[in-house]
>>> print(open('entry02.pdb').read())   # PDB, C-alpha atoms
MODEL        1
ATOM      1  CA  LEU R   1      91.347 122.746  71.223
ATOM      2  CA  PRO R   2      94.672 123.500  69.472
ATOM      3  CA  ARG R   3      97.014 126.032  71.000
ATOM      4  CA  PHE R   4      96.376 129.572  69.805
ATOM      5  CA  ARG R   5     100.043 130.200  68.985
ATOM      6  CA  ILE R   6      99.862 127.592  66.214
ATOM      7  CA  TYR R   7      97.788 130.074  64.222
ATOM      8  CA  ASP R   8      99.370 133.275  65.553
ATOM      9  CA  PRO R   9     103.002 132.894  66.726
ATOM     10  CA  THR R  10     102.870 136.401  68.232
ATOM     11  CA  PHE R  11     100.023 135.510  70.606
ATOM     12  CA  PRO R  12     101.264 136.664  74.045
ATOM     13  CA  THR R  13     101.820 134.325  76.961
ATOM     14  CA  GLY R  14      99.464 134.586  79.917
ATOM     15  CA  PHE R  15      96.155 134.639  78.031
ATOM     16  CA  GLU R  16      95.582 131.207  76.550
ATOM     17  CA  HIS R  17      94.658 129.517  79.827
ATOM     18  CA  ILE R  18      91.941 132.154  80.353
ATOM     19  CA  TRP R  19      90.313 131.526  76.978
ATOM     20  CA  ARG R  20      90.586 127.773  77.418
ATOM     21  CA  LYS R  21      88.801 128.002  80.755
ATOM     22  CA  ALA R  22      86.102 130.220  79.271
ATOM     23  CA  MET R  23      85.480 127.724  76.432
ATOM     24  CA  ASN R  24      85.792 124.532  78.463
ATOM     25  CA  THR R  25      83.309 121.910  77.297
ATOM     26  CA  ASN R  26      82.530 121.177  80.943
ATOM     27  CA  PRO R  27      80.416 124.102  82.245
ATOM     28  CA  SER R  28      81.520 123.477  85.828
ATOM     29  CA  ARG R  29      85.117 124.282  84.847
ATOM     30  CA  ARG R  30      84.340 127.618  83.217
ATOM     31  CA  PHE R  31      84.350 130.992  84.951
ATOM     32  CA  ALA R  32      81.439 131.297  87.348
ATOM     33  CA  THR R  33      80.460 134.730  86.011
ATOM     34  CA  VAL R  34      81.251 137.056  83.128
ATOM     35  CA  SER R  35      82.730 139.415  85.710
ATOM     36  CA  ASP R  36      85.266 136.740  86.740
ATOM     37  CA  PHE R  37      86.225 136.259  83.094
ATOM     38  CA  VAL R  38      86.730 140.000  82.521
ATOM     39  CA  THR R  39      88.762 140.313  85.737
ATOM     40  CA  ALA R  40      91.069 137.501  84.604
ATOM     41  CA  LEU R  41      91.602 139.201  81.244
ATOM     42  CA  LYS R  42      92.352 142.554  82.886
ATOM     43  CA  THR R  43      94.876 140.921  85.233
ATOM     44  CA  ALA R  44      96.629 139.223  82.315
ATOM     45  CA  GLN R  45      96.710 142.516  80.427
ATOM     46  CA  GLN R  46      98.252 144.246  83.438
ATOM     47  CA  ASP R  47     100.892 141.516  83.682
ATOM     48  CA  LEU R  48     101.648 141.962  79.978
ATOM     49  CA  ARG R  49     102.188 145.699  80.446
ATOM     50  CA  GLN R  50     104.521 145.060  83.373
ATOM     51  CA  ARG R  51     106.584 142.681  81.257
ATOM     52  CA  ALA R  52     106.902 145.352  78.581
ATOM     53  CA  ALA R  53     108.051 148.054  81.002
ATOM     54  CA  GLY R  54     111.607 148.801  82.117
ATOM     55  CA  GLU R  55     114.654 146.791  83.106
ATOM     56  CA  VAL R  56     114.284 144.862  86.347
ATOM     57  CA  ALA R  57     117.076 142.731  87.793
ATOM     58  CA  LEU R  58     115.967 139.252  88.766
ATOM     59  CA  LYS R  59     117.456 136.541  90.947
ATOM     60  CA  PHE R  60     118.103 133.265  89.138
ATOM     61  CA  ASP R  61     118.279 129.778  90.594
ATOM     62  CA  VAL R  62     119.409 127.178  88.081
ATOM     63  CA  GLY R  63     119.005 123.426  88.402
ATOM     64  CA  ALA R  64     119.296 120.548  85.967
ATOM     65  CA  GLY R  65     118.189 116.962  85.744
ATOM     66  CA  THR R  66     117.245 114.399  83.134
ATOM     67  CA  GLU R  67     115.451 111.060  83.237
ATOM     68  CA  ILE R  68     114.640 108.350  80.709
ATOM     69  CA  GLY R  69     110.911 107.747  80.322
ATOM     70  CA  LYS R  70     109.633 104.420  81.633
ATOM     71  CA  ILE R  71     108.428 103.160  78.253
ATOM     72  CA  LYS R  72     111.440 104.489  76.393
ATOM     73  CA  LYS R  73     113.782 102.815  78.891
ATOM     74  CA  LEU R  74     112.382  99.416  77.905
ATOM     75  CA  ARG R  75     113.363  99.967  74.269
ATOM     76  CA  TYR R  76     116.627 101.848  74.718
ATOM     77  CA  PRO R  77     118.128 102.020  78.224
ATOM     78  CA  VAL R  78     120.674 104.740  77.377
ATOM     79  CA  ASN R  79     119.784 108.340  78.269
ATOM     80  CA  GLN R  80     119.807 110.306  75.013
ATOM     81  CA  ASP R  81     119.506 113.749  76.601
ATOM     82  CA  THR R  82     122.453 116.135  76.851
ATOM     83  CA  ILE R  83     122.082 119.331  78.888
ATOM     84  CA  TYR R  84     124.129 122.495  79.270
ATOM     85  CA  PRO R  85     125.308 123.464  81.753
ATOM     86  CA  ASP R  86     125.565 119.956  83.207
ATOM     87  CA  PRO R  87     126.436 119.819  86.935
ATOM     88  CA  ALA R  88     127.544 116.203  86.483
ATOM     89  CA  GLU R  89     130.277 117.509  84.171
ATOM     90  CA  GLY R  90     131.333 120.213  86.621
ATOM     91  CA  GLU R  91     129.589 122.937  84.626
ATOM     92  CA  SER R  92     127.735 125.795  86.311
ATOM     93  CA  SER R  93     125.474 128.533  85.009
ATOM     94  CA  THR R  94     126.516 132.182  84.887
ATOM     95  CA  LEU R  95     122.902 133.256  85.458
ATOM     96  CA  PRO R  96     122.919 133.505  89.298
ATOM     97  CA  GLU R  97     126.122 135.582  89.312
ATOM     98  CA  ARG R  98     125.780 137.748  86.188
ATOM     99  CA  GLY R  99     122.083 137.635  85.338
ATOM    100  CA  GLN R 100     122.921 136.427  81.850
ATOM    101  CA  GLY R 101     123.725 133.062  80.362
ATOM    102  CA  ILE R 102     122.679 130.140  78.234
ATOM    103  CA  LEU R 103     120.604 127.026  78.963
ATOM    104  CA  ALA R 104     120.246 124.210  76.445
ATOM    105  CA  ILE R 105     118.804 120.715  76.082
ATOM    106  CA  ALA R 106     119.389 118.340  73.163
ATOM    107  CA  ASP R 107     117.324 115.144  72.948
ATOM    108  CA  GLY R 108     118.682 112.472  70.632
ATOM    109  CA  VAL R 109     116.181 110.807  68.327
ATOM    110  CA  SER R 110     115.785 107.204  69.432
ATOM    111  CA  ARG R 111     115.104 105.297  66.241
ATOM    112  CA  CYS R 112     118.148 105.288  63.990
ATOM    113  CA  GLU R 113     120.270 102.649  62.298
ATOM    114  CA  HIS R 114     123.464 104.662  61.982
ATOM    115  CA  GLY R 115     125.003 106.142  65.126
ATOM    116  CA  SER R 116     122.893 106.822  68.216
ATOM    117  CA  GLY R 117     120.695 109.545  69.607
ATOM    118  CA  ASP R 118     122.914 110.108  72.654
ATOM    119  CA  GLN R 119     125.951 110.618  70.415
ATOM    120  CA  ALA R 120     124.013 113.094  68.258
ATOM    121  CA  SER R 121     122.826 115.127  71.266
ATOM    122  CA  ARG R 122     126.391 115.328  72.636
ATOM    123  CA  ILE R 123     127.615 116.677  69.306
ATOM    124  CA  VAL R 124     124.856 119.283  69.232
ATOM    125  CA  ILE R 125     125.602 120.545  72.746
ATOM    126  CA  LYS R 126     129.330 120.676  71.972
ATOM    127  CA  TRP R 127     128.598 123.142  69.177
ATOM    128  CA  VAL R 128     126.179 125.073  71.392
ATOM    129  CA  LYS R 129     129.003 125.609  73.894
ATOM    130  CA  ARG R 130     131.409 126.816  71.214
ATOM    131  CA  ALA R 131     128.958 129.110  69.460
ATOM    132  CA  THR R 132     127.470 130.736  72.579
ATOM    133  CA  GLU R 133     130.625 131.574  74.549
ATOM    134  CA  LYS R 134     130.068 135.260  73.751
ATOM    135  CA  TYR R 135     126.763 135.221  75.649
ATOM    136  CA  VAL R 136     128.433 134.349  78.934
ATOM    137  CA  SER R 137     131.254 136.859  78.515
ATOM    138  CA  PRO R 138     131.441 139.480  81.302
ATOM    139  CA  SER R 139     132.666 142.052  78.782
ATOM    140  CA  ASP R 140     130.401 144.966  77.876
ATOM    141  CA  ASP R 141     131.507 144.436  74.278
ATOM    142  CA  ALA R 142     129.143 141.452  74.153
ATOM    143  CA  ALA R 143     126.042 143.661  74.504
ATOM    144  CA  SER R 144     125.374 143.722  70.756
ATOM    145  CA  ASN R 145     125.271 139.915  70.717
ATOM    146  CA  TRP R 146     121.881 139.904  72.431
ATOM    147  CA  GLU R 147     119.919 141.082  69.414
ATOM    148  CA  VAL R 148     117.491 138.561  67.946
ATOM    149  CA  GLU R 149     119.246 138.696  64.572
ATOM    150  CA  ASP R 150     122.585 137.722  66.126
ATOM    151  CA  VAL R 151     121.031 134.912  68.161
ATOM    152  CA  PHE R 152     119.381 133.589  64.994
ATOM    153  CA  LYS R 153     122.714 133.551  63.158
ATOM    154  CA  THR R 154     124.434 131.890  66.122
ATOM    155  CA  LEU R 155     121.883 129.098  66.503
ATOM    156  CA  SER R 156     121.747 128.586  62.736
ATOM    157  CA  GLN R 157     125.520 128.114  62.852
ATOM    158  CA  VAL R 158     125.056 125.464  65.555
ATOM    159  CA  VAL R 159     122.609 123.589  63.314
ATOM    160  CA  VAL R 160     124.964 123.664  60.332
ATOM    161  CA  GLN R 161     128.128 122.718  62.244
ATOM    162  CA  ALA R 162     126.466 119.942  64.257
ATOM    163  CA  THR R 163     124.819 118.499  61.153
ATOM    164  CA  HIS R 164     128.149 118.511  59.327
ATOM    165  CA  GLU R 165     129.882 116.626  62.152
ATOM    166  CA  ILE R 166     127.058 114.100  62.494
ATOM    167  CA  SER R 167     127.268 113.444  58.763
ATOM    168  CA  GLU R 168     130.995 112.790  59.107
ATOM    169  CA  VAL R 169     130.938 110.485  62.135
ATOM    170  CA  ALA R 170     127.755 108.479  61.453
ATOM    171  CA  PRO R 171     128.707 105.114  59.916
ATOM    172  CA  THR R 172     126.648 105.146  56.709
ATOM    173  CA  ASP R 173     126.836 103.754  53.192
ATOM    174  CA  GLU R 174     125.494 104.870  49.834
ATOM    175  CA  GLU R 175     122.205 103.042  50.357
ATOM    176  CA  SER R 176     121.516 104.550  53.791
ATOM    177  CA  ARG R 177     118.225 106.399  54.105
ATOM    178  CA  PRO R 178     118.822 109.920  55.518
ATOM    179  CA  GLU R 179     116.043 109.574  58.117
ATOM    180  CA  LYS R 180     117.783 106.488  59.548
ATOM    181  CA  VAL R 181     120.909 108.460  60.500
ATOM    182  CA  MET R 182     121.284 109.742  64.064
ATOM    183  CA  SER R 183     119.890 113.173  64.865
ATOM    184  CA  SER R 184     118.798 115.359  67.775
ATOM    185  CA  THR R 185     116.399 118.073  68.798
ATOM    186  CA  LEU R 186     117.644 121.280  70.427
ATOM    187  CA  ILE R 187     116.065 123.943  72.599
ATOM    188  CA  THR R 188     118.029 126.870  73.991
ATOM    189  CA  ALA R 189     117.295 129.837  76.217
ATOM    190  CA  ILE R 190     119.680 132.769  75.917
ATOM    191  CA  ILE R 191     118.893 134.917  78.937
ATOM    192  CA  LYS R 192     119.849 138.406  80.060
ATOM    193  CA  ASN R 193     118.136 139.910  83.103
ATOM    194  CA  GLN R 194     114.381 139.566  82.481
ATOM    195  CA  ASN R 195     114.669 138.810  78.759
ATOM    196  CA  ALA R 196     115.053 135.403  77.147
ATOM    197  CA  ILE R 197     115.307 134.400  73.522
ATOM    198  CA  ILE R 198     114.052 130.835  73.095
ATOM    199  CA  GLY R 199     115.285 128.911  70.063
ATOM    200  CA  ASN R 200     114.127 125.420  69.134
ATOM    201  CA  THR R 201     114.479 122.789  66.442
ATOM    202  CA  GLY R 202     112.443 119.632  66.966
ATOM    203  CA  ASN R 203     109.960 118.947  69.749
ATOM    204  CA  SER R 204     111.850 119.777  72.952
ATOM    205  CA  ARG R 205     109.870 122.320  74.952
ATOM    206  CA  ALA R 206     110.170 125.433  77.117
ATOM    207  CA  PHE R 207     107.457 126.422  79.594
ATOM    208  CA  ILE R 208     106.439 129.419  81.654
ATOM    209  CA  VAL R 209     105.268 128.168  85.067
ATOM    210  CA  THR R 210     103.317 130.546  87.317
ATOM    211  CA  GLU R 211     100.923 130.212  90.244
ATOM    212  CA  ASP R 212      98.003 130.299  87.793
ATOM    213  CA  TYR R 213      99.070 128.259  84.771
ATOM    214  CA  ILE R 214     101.734 126.324  82.873
ATOM    215  CA  GLU R 215     102.169 127.420  79.266
ATOM    216  CA  GLN R 216     104.476 126.154  76.529
ATOM    217  CA  VAL R 217     106.164 129.110  74.836
ATOM    218  CA  ASN R 218     107.526 127.371  71.717
ATOM    219  CA  LEU R 219     105.917 125.236  69.021
ATOM    220  CA  ASP R 220     106.807 121.628  68.203
ATOM    221  CA  ASP R 221     108.282 120.874  64.786
ATOM    222  CA  ASP R 222     106.036 117.897  64.115
ATOM    223  CA  VAL R 223     103.576 116.937  61.403
ATOM    224  CA  TRP R 224     100.534 117.617  63.605
ATOM    225  CA  HIS R 225     101.448 121.288  64.070
ATOM    226  CA  ALA R 226     102.322 121.659  60.384
ATOM    227  CA  ARG R 227      98.949 120.304  59.306
ATOM    228  CA  LEU R 228      97.112 122.657  61.620
ATOM    229  CA  ARG R 229      99.140 125.643  60.388
ATOM    230  CA  SER R 230      98.264 124.686  56.810
ATOM    231  CA  GLY R 231      94.608 125.293  57.642
ATOM    232  CA  LEU R 232      93.300 121.751  58.031
ATOM    233  CA  PRO R 233      90.497 121.487  60.623
ATOM    234  CA  PRO R 234      91.638 119.892  63.925
ATOM    235  CA  GLU R 235      89.001 117.177  63.521
ATOM    236  CA  GLU R 236      90.496 116.146  60.173
ATOM    237  CA  VAL R 237      94.090 116.293  61.437
ATOM    238  CA  ALA R 238      93.167 114.000  64.326
ATOM    239  CA  THR R 239      92.189 111.247  61.857
ATOM    240  CA  LYS R 240      95.464 111.326  59.916
ATOM    241  CA  ARG R 241      98.465 109.099  60.524
ATOM    242  CA  GLY R 242     101.984 110.309  61.264
ATOM    243  CA  ASN R 243     101.030 113.360  63.332
ATOM    244  CA  SER R 244     103.793 112.708  65.865
ATOM    245  CA  LEU R 245     106.577 112.504  63.274
ATOM    246  CA  LEU R 246     109.206 115.218  63.524
ATOM    247  CA  ARG R 247     109.638 117.510  60.522
ATOM    248  CA  ARG R 248     112.910 119.108  61.537
ATOM    249  CA  VAL R 249     115.802 117.805  63.606
ATOM    250  CA  ILE R 250     119.545 118.425  63.630
ATOM    251  CA  GLY R 251     121.505 115.695  61.929
ATOM    252  CA  ALA R 252     122.259 113.746  58.822
ATOM    253  CA  CYS R 253     118.579 113.456  57.959
ATOM    254  CA  MET R 254     119.112 116.769  56.195
ATOM    255  CA  ARG R 255     119.524 116.222  52.481
ATOM    256  CA  GLU R 256     121.886 118.305  50.408
ATOM    257  CA  GLY R 257     120.376 121.730  49.848
ATOM    258  CA  ASP R 258     118.035 121.519  52.842
ATOM    259  CA  ARG R 259     118.048 124.403  55.310
ATOM    260  CA  ILE R 260     116.888 123.801  58.854
ATOM    261  CA  LEU R 261     116.625 127.049  60.754
ATOM    262  CA  PRO R 262     115.717 127.497  64.433
ATOM    263  CA  ASP R 263     112.430 129.065  65.475
ATOM    264  CA  LEU R 264     112.915 131.986  67.856
ATOM    265  CA  ARG R 265     110.632 133.569  70.433
ATOM    266  CA  ARG R 266     111.402 136.407  72.828
ATOM    267  CA  VAL R 267     110.073 135.984  76.389
ATOM    268  CA  ARG R 268     110.077 138.630  79.128
ATOM    269  CA  PHE R 269     110.089 137.276  82.683
ATOM    270  CA  THR R 270     109.062 140.434  84.543
ATOM    271  CA  GLY R 271     105.379 140.611  85.461
ATOM    272  CA  TYR R 272     104.669 136.904  85.881
ATOM    273  CA  ARG R 273     103.035 136.263  89.257
ATOM    274  CA  THR R 274     105.018 133.233  90.437
TER     275      THR R 274
ENDMDL
END
>>> encode(input="entry02.pdb", output="structure tokens")
Amino acid sequence: LPRFRIYDPTFPTGFEHIWRKAMNTNPSRRFATVSDFVTALKTAQQDLRQRAAGEVALKFDVGAGTEIGKIKKLRYPVNQDTIYPDPAEGESSTLPERGQGILAIADGVSRCEHGSGDQASRIVIKWVKRATEKYVSPSDDAASNWEVEDVFKTLSQVVVQATHEISEVAPTDEESRPEKVMSSTLITAIIKNQNAIIGNTGNSRAFIVTEDYIEQVNLDDDVWHARLRSGLPPEEVATKRGNSLLRRVIGACMREGDRILPDLRRVRFTGYRT
């Protein structure tokens, strides 16, 4: 069963796991009674209302870690992830102290003939740091920067600047195919108190984890999702080749005139029972 947000990007978090349980093909995994189903929906609705109400200060604990997958390590033993802030680089998050800050992960695309995925992801995070300094500023003047429109412009600037640098440093020639040049995904969370704006390009993911469920809050930029959004039945999409191919990444795979813009989603932390 495809994720509901593929068809309706505004579908709220906290409900999909309930519907999936209710429609499980295994009867033993469904709700025992209709009353249990209704109770679960009412609880999710109450949580949604709590998330929509008022400003509530939260305590943040921030950790970071990255690991090469076992299969991927056999093909390419270099870690192609770059994170921000990175404790290994002496960086620390402003979230625990100020309740606002930025978190970002860039994952370099493995298969390229010009440059490398780890180099591409480092370039992307470098531009994230430069472009998002205003979001970690303690000044009250930065308040206007937290609007969705400003975040969209900021992350779009990251895409453009990082792509430009990758195009300059990747060793290519006139016969190079654009998709063979190094590139990277990017997912960011710009957070203030209980609000987060999630921006992504590629297939890196952000999740809400509670005591009841784990739910991805963004959508992957791959061919599978694009085919489903176009209206093709899931059964037909499953038979097609190339579903795992990425449609959008940051890097020299962009041809002249292309515009790759980040997808944004606002998430409110308050009201999740964790």
>>> atom_distance(input="entry02.pdb", atom1="atom CA of Leu41 of chain R", atom2="atom CA of Met23 of chain R")
13.9 Å
>>> resolve_selection(input="entry02.pdb", expression="the PyMOL selection byres ((chain R and resi 22) around 12)", output="mmCIF file with C-alpha atoms, in the frame of the given file")
data_model
loop_
_atom_site.group_PDB
_atom_site.id
_atom_site.type_symbol
_atom_site.label_atom_id
_atom_site.label_comp_id
_atom_site.auth_asym_id
_atom_site.auth_seq_id
_atom_site.Cartn_x
_atom_site.Cartn_y
_atom_site.Cartn_z
ATOM 1 C CA PHE R 15 96.155 134.639 78.031
ATOM 2 C CA GLU R 16 95.582 131.207 76.550
ATOM 3 C CA HIS R 17 94.658 129.517 79.827
ATOM 4 C CA ILE R 18 91.941 132.154 80.353
ATOM 5 C CA TRP R 19 90.313 131.526 76.978
ATOM 6 C CA ARG R 20 90.586 127.773 77.418
ATOM 7 C CA LYS R 21 88.801 128.002 80.755
ATOM 8 C CA MET R 23 85.480 127.724 76.432
ATOM 9 C CA ASN R 24 85.792 124.532 78.463
ATOM 10 C CA THR R 25 83.309 121.910 77.297
ATOM 11 C CA ASN R 26 82.530 121.177 80.943
ATOM 12 C CA PRO R 27 80.416 124.102 82.245
ATOM 13 C CA SER R 28 81.520 123.477 85.828
ATOM 14 C CA ARG R 29 85.117 124.282 84.847
ATOM 15 C CA ARG R 30 84.340 127.618 83.217
ATOM 16 C CA PHE R 31 84.350 130.992 84.951
ATOM 17 C CA ALA R 32 81.439 131.297 87.348
ATOM 18 C CA THR R 33 80.460 134.730 86.011
ATOM 19 C CA VAL R 34 81.251 137.056 83.128
ATOM 20 C CA SER R 35 82.730 139.415 85.710
ATOM 21 C CA ASP R 36 85.266 136.740 86.740
ATOM 22 C CA PHE R 37 86.225 136.259 83.094
ATOM 23 C CA VAL R 38 86.730 140.000 82.521
ATOM 24 C CA ALA R 40 91.069 137.501 84.604
ATOM 25 C CA LEU R 41 91.602 139.201 81.244
#
>>> atom_distance(input="entry02.pdb", atom1="atom CA of Lys192 of chain R", atom2="atom CA of Val136 of chain R")
9.6 Å
>>> axis_aligned_box(input="entry02.pdb", around="segment 105-122 of chain R", padding_each_side="5 Å", output="AutoDock Vina command-line options")
--center_x 120.7 --center_y 111.7 --center_z 69.0 --size_x 21.3 --size_y 28.1 --size_z 24.1
>>> resolve_selection(input="entry02.pdb", expression="the PyMOL selection byres ((chain R and resi 153-161) around 10)", output="NGL selection string")
:R and (123-132 or 145 or 148-152 or 162-167 or 185-188 or 199-201 or 249-251 or 254 or 259-264)
>>> atom_distance(input="entry02.pdb", atom1="atom CA of Thr94 of chain R", atom2="atom CA of Val267 of chain R")
18.9 Å
>>> resolve_selection(input="entry02.pdb", expression="the PyMOL selection byres ((chain R and resi 237-244) around 10)", output="VMD selection string")
chain R and resid 203 220 to 228 231 to 236 245 to 247
>>> residues_near_point(input="entry02.pdb", point="(121.7, 110.2, 71.0)", cutoff="8 Å", atoms="all atoms listed in the file", output="list in words")
Asn79, Gln80, Asp81, Asp107, Gly108, Val109, Ser110, Gly115, Ser116, Gly117, Asp118, Gln119, Ala120, Ser121, Arg122, Met182, Ser183 and Ser184 of chain R
>>> residues_near_point(input="entry02.pdb", point="(97.5, 127.6, 63.5)", cutoff="8 Å", atoms="only C-alpha atoms", output="list in words")
Pro2, Arg3, Phe4, Arg5, Ile6, Tyr7, Asp8, His225, Leu228, Arg229, Ser230 and Gly231 of chain R
>>> closest_residue(input="entry02.pdb", among="R:Glu97, R:Asn195, R:Lys42, R:Ile105", to="Thr66 of chain R", atoms="all atoms listed in the file")
R:Ile105
>>> closest_residue(input="entry02.pdb", among="R:Thr13, R:Ser204, R:Gln216, R:Ser93", to="Phe60 of chain R", atoms="only C-alpha atoms")
R:Ser93
>>> closest_residue(input="entry02.pdb", among="R:Val181, R:Gln100, R:Leu219, R:Glu133", to="Ala196 of chain R", atoms="all atoms listed in the file")
R:Gln100
